[in-house]
$ cat final.json   # JSON, C-alpha atoms and all ligand atoms
[["chain", "number", "residue", "atom", "x", "y", "z"],
["A", 380, "MET", "CA", -115.92, 103.13, -33.57],
["A", 381, "HIS", "CA", -119.50, 104.32, -33.31],
["A", 382, "GLU", "CA", -120.78, 101.17, -35.02],
["A", 383, "PHE", "CA", -120.65, 99.52, -31.60],
["A", 384, "SER", "CA", -123.17, 101.95, -30.15],
["A", 385, "ILE", "CA", -125.39, 101.50, -33.22],
["A", 386, "ALA", "CA", -125.17, 97.70, -32.98],
["A", 387, "ASP", "CA", -125.89, 97.90, -29.27],
["A", 388, "ALA", "CA", -129.01, 99.97, -29.91],
["A", 389, "ILE", "CA", -130.16, 97.48, -32.55],
["A", 390, "VAL", "CA", -129.63, 94.48, -30.26],
["A", 391, "ARG", "CA", -131.45, 96.13, -27.35],
["A", 392, "ALA", "CA", -134.39, 97.34, -29.43],
["A", 393, "THR", "CA", -134.78, 93.96, -31.11],
["A", 394, "GLN", "CA", -134.74, 92.12, -27.80],
["A", 395, "GLU", "CA", -137.46, 94.40, -26.47],
["A", 396, "VAL", "CA", -139.65, 93.81, -29.51],
["A", 397, "VAL", "CA", -139.14, 90.03, -29.39],
["A", 398, "GLN", "CA", -139.88, 89.85, -25.67],
["A", 399, "ALA", "CA", -142.99, 91.98, -26.07],
["A", 400, "ASN", "CA", -144.20, 89.51, -28.70],
["A", 401, "GLY", "CA", -143.67, 86.35, -26.69],
["A", 402, "GLY", "CA", -139.99, 85.62, -27.31],
["A", 403, "GLY", "CA", -138.25, 83.37, -29.80],
["A", 404, "LYS", "CA", -135.02, 83.29, -31.73],
["A", 405, "VAL", "CA", -134.32, 85.94, -34.29],
["A", 406, "GLU", "CA", -133.37, 84.91, -37.80],
["A", 407, "GLN", "CA", -133.02, 88.25, -39.51],
["A", 408, "ILE", "CA", -133.23, 91.96, -38.76],
["A", 409, "HIS", "CA", -133.94, 94.40, -41.54],
["A", 410, "LEU", "CA", -132.91, 98.02, -41.03],
["A", 411, "ARG", "CA", -132.88, 101.38, -42.72],
["A", 412, "ILE", "CA", -129.73, 103.37, -42.05],
["A", 413, "GLY", "CA", -129.30, 106.94, -43.19],
["A", 414, "GLU", "CA", -126.24, 107.87, -45.23],
["A", 415, "LEU", "CA", -125.35, 110.59, -42.73],
["A", 416, "ARG", "CA", -124.83, 107.95, -40.04],
["A", 417, "GLN", "CA", -121.66, 107.09, -41.97],
["A", 418, "VAL", "CA", -121.87, 103.45, -41.00],
["A", 419, "VAL", "CA", -119.00, 101.25, -42.17],
["A", 420, "PRO", "CA", -120.76, 97.99, -43.12],
["A", 421, "ASP", "CA", -117.93, 95.67, -42.04],
["A", 422, "ALA", "CA", -117.57, 97.49, -38.73],
["A", 423, "LEU", "CA", -121.30, 97.27, -38.03],
["A", 424, "LEU", "CA", -121.40, 93.55, -38.83],
["A", 425, "PHE", "CA", -118.31, 92.97, -36.67],
["A", 426, "ALA", "CA", -119.85, 94.82, -33.71],
["A", 427, "PHE", "CA", -123.19, 93.08, -34.19],
["A", 428, "ASP", "CA", -121.56, 89.63, -34.22],
["A", 429, "ILE", "CA", -119.92, 90.37, -30.86],
["A", 430, "LEU", "CA", -122.93, 91.97, -29.17],
["A", 431, "LYS", "CA", -125.47, 89.38, -30.30],
["A", 432, "GLN", "CA", -123.77, 86.54, -28.45],
["A", 433, "ASP", "CA", -125.76, 85.05, -25.55],
["A", 434, "THR", "CA", -128.93, 86.80, -26.71],
["A", 435, "PRO", "CA", -131.97, 85.57, -28.70],
["A", 436, "LEU", "CA", -130.18, 87.21, -31.64],
["A", 437, "SER", "CA", -127.18, 84.89, -31.50],
["A", 438, "GLU", "CA", -127.96, 83.36, -34.91],
["A", 439, "ALA", "CA", -129.49, 86.44, -36.46],
["A", 440, "CYS", "CA", -128.16, 88.14, -39.54],
["A", 441, "LEU", "CA", -128.37, 91.80, -40.32],
["A", 442, "GLN", "CA", -129.59, 93.38, -43.53],
["A", 443, "TRP", "CA", -130.08, 97.02, -44.27],
["A", 444, "GLU", "CA", -130.74, 99.53, -46.95],
["A", 445, "THR", "CA", -129.00, 102.89, -46.97],
["A", 446, "VAL", "CA", -131.21, 105.97, -47.09],
["A", 447, "PRO", "CA", -129.58, 108.67, -49.25],
["A", 448, "ALA", "CA", -128.91, 112.00, -47.57],
["A", 449, "GLN", "CA", -131.11, 114.93, -48.50],
["A", 450, "VAL", "CA", -130.76, 118.44, -47.09],
["A", 451, "ARG", "CA", -132.67, 121.70, -47.55],
["A", 452, "CYS", "CA", -130.96, 125.05, -48.01],
["A", 453, "LYS", "CA", -131.84, 127.45, -45.19],
["A", 454, "ALA", "CA", -131.57, 130.44, -47.50],
["A", 455, "CYS", "CA", -133.59, 129.43, -50.57],
["A", 456, "GLY", "CA", -135.24, 126.14, -49.68],
["A", 457, "THR", "CA", -133.62, 124.07, -52.41],
["A", 458, "GLU", "CA", -133.27, 120.40, -51.52],
["A", 459, "TYR", "CA", -130.10, 118.65, -52.61],
["A", 460, "HIS", "CA", -127.79, 115.74, -51.93],
["A", 461, "PRO", "CA", -124.77, 116.99, -49.94],
["A", 462, "GLN", "CA", -121.51, 116.08, -51.65],
["A", 463, "ASP", "CA", -118.94, 116.77, -48.95],
["A", 464, "VAL", "CA", -118.53, 118.03, -45.40],
["A", 465, "PHE", "CA", -119.47, 121.59, -46.42],
["A", 466, "TRP", "CA", -123.08, 121.67, -47.48],
["A", 467, "GLU", "CA", -123.12, 124.25, -50.24],
["A", 468, "CYS", "CA", -126.40, 124.96, -51.96],
["A", 469, "PRO", "CA", -126.20, 124.31, -55.73],
["A", 470, "SER", "CA", -128.77, 127.08, -56.38],
["A", 471, "CYS", "CA", -127.62, 130.02, -54.26],
["A", 472, "GLY", "CA", -124.26, 128.94, -52.83],
["A", 473, "ALA", "CA", -125.31, 129.29, -49.20],
["A", 474, "ILE", "CA", -123.42, 127.13, -46.72],
["A", 475, "GLY", "CA", -125.43, 125.15, -44.23],
["A", 476, "ALA", "CA", -128.71, 123.33, -44.50],
["A", 477, "GLU", "CA", -131.17, 121.34, -42.50],
["A", 478, "VAL", "CA", -131.39, 117.58, -42.81],
["A", 479, "VAL", "CA", -134.45, 116.21, -44.59],
["A", 480, "ALA", "CA", -133.31, 112.58, -44.78],
["A", 481, "GLY", "CA", -130.24, 110.53, -44.05],
["A", 482, "GLU", "CA", -130.20, 110.28, -40.26],
["A", 483, "GLU", "CA", -132.44, 107.21, -40.08],
["A", 484, "LEU", "CA", -131.68, 104.28, -37.84],
["A", 485, "GLU", "CA", -134.85, 102.21, -37.98],
["A", 486, "ILE", "CA", -135.75, 98.57, -37.58],
["A", 487, "VAL", "CA", -138.05, 97.79, -40.49],
["A", 488, "ALA", "CA", -138.71, 94.11, -39.80],
["A", 489, "ILE", "CA", -137.65, 91.32, -37.48],
["A", 490, "THR", "CA", -137.93, 87.73, -38.70],
["A", 491, "LEU", "CA", -138.15, 84.96, -36.13],
["A", 492, "MET", "CA", -136.95, 81.43, -36.75],
["A", 493, "GLU", "CA", -139.70, 79.00, -37.58],
["A", 494, "GLY", "CA", -140.68, 76.73, -34.76],
["A", 495, "SER", "CA", -138.80, 78.69, -32.14],
["A", 496, "ASP", "CA", -140.60, 78.64, -28.81],
["A", 497, "ALA", "CA", -141.07, 81.39, -26.31],
["A", 498, "ASP", "CA", -138.94, 80.97, -23.24],
["A", 501, "ZN", "ZN", -129.89, 127.90, -51.48]]
$ encode --input "final.json" --output "structure tokens"
Amino acid sequence: MHEFSIADAIVRATQEVVQANGGGKVEQIHLRIGELRQVVPDALLFAFDILKQDTPLSEACLQWETVPAQVRCKACGTEYHPQDVFWECPSCGAIGAEVVAGEELEIVAITLMEGSDAD
């Protein structure tokens, strides 16, 4: 279940940002997750709920938007949305392409709880 490693990365990165900004309790984390990460939402939330315990994120909730996958054909340069595991260019039929978008795993915003003090 790779959602655990993703959730772990989110928890660690958020803690670093919060500490660098004086601490506090996190209310919400907003993310962008690429479609190619193939994140199962329930699995990510489950992993996050376990890993956030005993951290400043213990009451935080997770929100994210999915970034659609986009790839570029290596043969003709056409950009398209890959439909299955074989990336076949709709223009020339070539198999294989380079990723343009869809591998994102970014923290867009971190909201702290009002009135939470640095510790
Ligand atoms: Zn092509």
$ atom_distance --input "final.json" --atom1 "CA of Thr457 (chain A)" --atom2 "CA of Arg411 (chain A)"
24.7 Å
$ residues_near_ligand --input "final.json" --ligand "ligand ZN 501 (chain A)" --cutoff "12 Å" --atoms "all atoms listed in the file" --output "PyMOL selection string"
chain A and resi 450-459+466-477
$ write_last_selection --input "final.json" --atoms "C-alpha atoms" --output "tab-separated table (two decimals), in the frame of the given file"
chain	number	residue	atom	x	y	z
A	450	VAL	CA	-130.76	118.44	-47.09
A	451	ARG	CA	-132.67	121.70	-47.55
A	452	CYS	CA	-130.96	125.05	-48.01
A	453	LYS	CA	-131.84	127.45	-45.19
A	454	ALA	CA	-131.57	130.44	-47.50
A	455	CYS	CA	-133.59	129.43	-50.57
A	456	GLY	CA	-135.24	126.14	-49.68
A	457	THR	CA	-133.62	124.07	-52.41
A	458	GLU	CA	-133.27	120.40	-51.52
A	459	TYR	CA	-130.10	118.65	-52.61
A	466	TRP	CA	-123.08	121.67	-47.48
A	467	GLU	CA	-123.12	124.25	-50.24
A	468	CYS	CA	-126.40	124.96	-51.96
A	469	PRO	CA	-126.20	124.31	-55.73
A	470	SER	CA	-128.77	127.08	-56.38
A	471	CYS	CA	-127.62	130.02	-54.26
A	472	GLY	CA	-124.26	128.94	-52.83
A	473	ALA	CA	-125.31	129.29	-49.20
A	474	ILE	CA	-123.42	127.13	-46.72
A	475	GLY	CA	-125.43	125.15	-44.23
A	476	ALA	CA	-128.71	123.33	-44.50
A	477	GLU	CA	-131.17	121.34	-42.50
$ closest_residue --input "final.json" --among "A:Val390, A:Trp443, A:Glu482, A:Glu406" --to "Leu430 (chain A)" --atoms "all atoms listed in the file"
A:Val390
$ atom_distance --input "final.json" --atom1 "CA of Gly494 (chain A)" --atom2 "CA of Ile429 (chain A)"
25.1 Å
$ residues_around --input "final.json" --residues "Ile489 (chain A)" --least-positions-apart "2" --cutoff "7 Å" --atoms "only C-alpha atoms" --output "ChimeraX atom specification"
/A:407-409,491
$ decode --input "final.json" --residues "region 414-440 of chain A" --atoms "N, CA and C atoms" --output "PDB file, in the first residue's frame"
ATOM      1  N   GLU A 414      -2.605  12.201 -11.228  1.00  0.00           N
ATOM      2  CA  GLU A 414      -3.367  10.984 -11.535  1.00  0.00           C
ATOM      3  C   GLU A 414      -2.459   9.755 -11.619  1.00  0.00           C
ATOM      4  N   LEU A 415      -1.241   9.951 -12.106  1.00  0.00           N
ATOM      5  CA  LEU A 415      -0.332   8.813 -12.280  1.00  0.00           C
ATOM      6  C   LEU A 415       0.170   8.247 -10.956  1.00  0.00           C
ATOM      7  N   ARG A 416      -0.031   8.983  -9.877  1.00  0.00           N
ATOM      8  CA  ARG A 416       0.325   8.451  -8.554  1.00  0.00           C
ATOM      9  C   ARG A 416      -0.604   7.312  -8.148  1.00  0.00           C
ATOM     10  N   GLN A 417      -1.760   7.238  -8.819  1.00  0.00           N
ATOM     11  CA  GLN A 417      -2.739   6.181  -8.576  1.00  0.00           C
ATOM     12  C   GLN A 417      -3.069   6.032  -7.096  1.00  0.00           C
ATOM     13  N   VAL A 418      -3.348   7.169  -6.481  1.00  0.00           N
ATOM     14  CA  VAL A 418      -3.701   7.170  -5.063  1.00  0.00           C
ATOM     15  C   VAL A 418      -5.148   6.713  -4.887  1.00  0.00           C
ATOM     16  N   VAL A 419      -5.364   5.787  -3.984  1.00  0.00           N
ATOM     17  CA  VAL A 419      -6.717   5.383  -3.598  1.00  0.00           C
ATOM     18  C   VAL A 419      -7.127   6.285  -2.441  1.00  0.00           C
ATOM     19  N   PRO A 420      -8.144   7.163  -2.659  1.00  0.00           N
ATOM     20  CA  PRO A 420      -8.477   8.162  -1.638  1.00  0.00           C
ATOM     21  C   PRO A 420      -8.685   7.574  -0.243  1.00  0.00           C
ATOM     22  N   ASP A 421      -9.479   6.504  -0.140  1.00  0.00           N
ATOM     23  CA  ASP A 421      -9.747   5.918   1.174  1.00  0.00           C
ATOM     24  C   ASP A 421      -8.469   5.411   1.829  1.00  0.00           C
ATOM     25  N   ALA A 422      -7.582   4.848   1.031  1.00  0.00           N
ATOM     26  CA  ALA A 422      -6.332   4.314   1.574  1.00  0.00           C
ATOM     27  C   ALA A 422      -5.433   5.444   2.061  1.00  0.00           C
ATOM     28  N   LEU A 423      -5.415   6.552   1.317  1.00  0.00           N
ATOM     29  CA  LEU A 423      -4.593   7.685   1.732  1.00  0.00           C
ATOM     30  C   LEU A 423      -5.126   8.292   3.032  1.00  0.00           C
ATOM     31  N   LEU A 424      -6.455   8.452   3.120  1.00  0.00           N
ATOM     32  CA  LEU A 424      -7.042   9.013   4.338  1.00  0.00           C
ATOM     33  C   LEU A 424      -6.804   8.086   5.531  1.00  0.00           C
ATOM     34  N   PHE A 425      -6.908   6.786   5.301  1.00  0.00           N
ATOM     35  CA  PHE A 425      -6.674   5.795   6.352  1.00  0.00           C
ATOM     36  C   PHE A 425      -5.233   5.896   6.858  1.00  0.00           C
ATOM     37  N   ALA A 426      -4.287   5.939   5.940  1.00  0.00           N
ATOM     38  CA  ALA A 426      -2.870   6.025   6.319  1.00  0.00           C
ATOM     39  C   ALA A 426      -2.583   7.343   7.033  1.00  0.00           C
ATOM     40  N   PHE A 427      -3.180   8.426   6.514  1.00  0.00           N
ATOM     41  CA  PHE A 427      -2.957   9.737   7.123  1.00  0.00           C
ATOM     42  C   PHE A 427      -3.480   9.778   8.553  1.00  0.00           C
ATOM     43  N   ASP A 428      -4.654   9.186   8.779  1.00  0.00           N
ATOM     44  CA  ASP A 428      -5.254   9.187  10.122  1.00  0.00           C
ATOM     45  C   ASP A 428      -4.390   8.434  11.131  1.00  0.00           C
ATOM     46  N   ILE A 429      -3.666   7.443  10.665  1.00  0.00           N
ATOM     47  CA  ILE A 429      -2.779   6.684  11.567  1.00  0.00           C
ATOM     48  C   ILE A 429      -1.492   7.478  11.824  1.00  0.00           C
ATOM     49  N   LEU A 430      -0.911   8.004  10.758  1.00  0.00           N
ATOM     50  CA  LEU A 430       0.404   8.644  10.872  1.00  0.00           C
ATOM     51  C   LEU A 430       0.342  10.013  11.542  1.00  0.00           C
ATOM     52  N   LYS A 431      -0.820  10.645  11.523  1.00  0.00           N
ATOM     53  CA  LYS A 431      -0.901  12.002  12.088  1.00  0.00           C
ATOM     54  C   LYS A 431      -1.001  11.998  13.604  1.00  0.00           C
ATOM     55  N   GLN A 432      -1.266  10.840  14.187  1.00  0.00           N
ATOM     56  CA  GLN A 432      -1.421  10.779  15.644  1.00  0.00           C
ATOM     57  C   GLN A 432      -0.133  11.194  16.341  1.00  0.00           C
ATOM     58  N   ASP A 433      -0.300  11.904  17.468  1.00  0.00           N
ATOM     59  CA  ASP A 433       0.833  12.382  18.267  1.00  0.00           C
ATOM     60  C   ASP A 433       1.735  13.345  17.494  1.00  0.00           C
ATOM     61  N   THR A 434       1.153  14.058  16.544  1.00  0.00           N
ATOM     62  CA  THR A 434       1.881  15.114  15.842  1.00  0.00           C
ATOM     63  C   THR A 434       1.012  16.376  15.879  1.00  0.00           C
ATOM     64  N   PRO A 435       1.568  17.530  15.483  1.00  0.00           N
ATOM     65  CA  PRO A 435       0.735  18.755  15.404  1.00  0.00           C
ATOM     66  C   PRO A 435      -0.383  18.629  14.367  1.00  0.00           C
ATOM     67  N   LEU A 436      -0.392  17.514  13.639  1.00  0.00           N
ATOM     68  CA  LEU A 436      -1.412  17.301  12.612  1.00  0.00           C
ATOM     69  C   LEU A 436      -2.559  16.426  13.117  1.00  0.00           C
ATOM     70  N   SER A 437      -2.567  16.148  14.422  1.00  0.00           N
ATOM     71  CA  SER A 437      -3.495  15.126  14.928  1.00  0.00           C
ATOM     72  C   SER A 437      -4.957  15.441  14.655  1.00  0.00           C
ATOM     73  N   GLU A 438      -5.306  16.727  14.488  1.00  0.00           N
ATOM     74  CA  GLU A 438      -6.700  17.069  14.192  1.00  0.00           C
ATOM     75  C   GLU A 438      -6.867  17.602  12.772  1.00  0.00           C
ATOM     76  N   ALA A 439      -5.835  17.445  11.988  1.00  0.00           N
ATOM     77  CA  ALA A 439      -5.872  17.992  10.631  1.00  0.00           C
ATOM     78  C   ALA A 439      -6.696  17.111   9.696  1.00  0.00           C
ATOM     79  N   CYS A 440      -7.298  17.759   8.704  1.00  0.00           N
ATOM     80  CA  CYS A 440      -7.944  16.987   7.657  1.00  0.00           C
ATOM     81  C   CYS A 440      -7.236  17.261   6.329  1.00  0.00           C
TER      82      CYS A 440
END
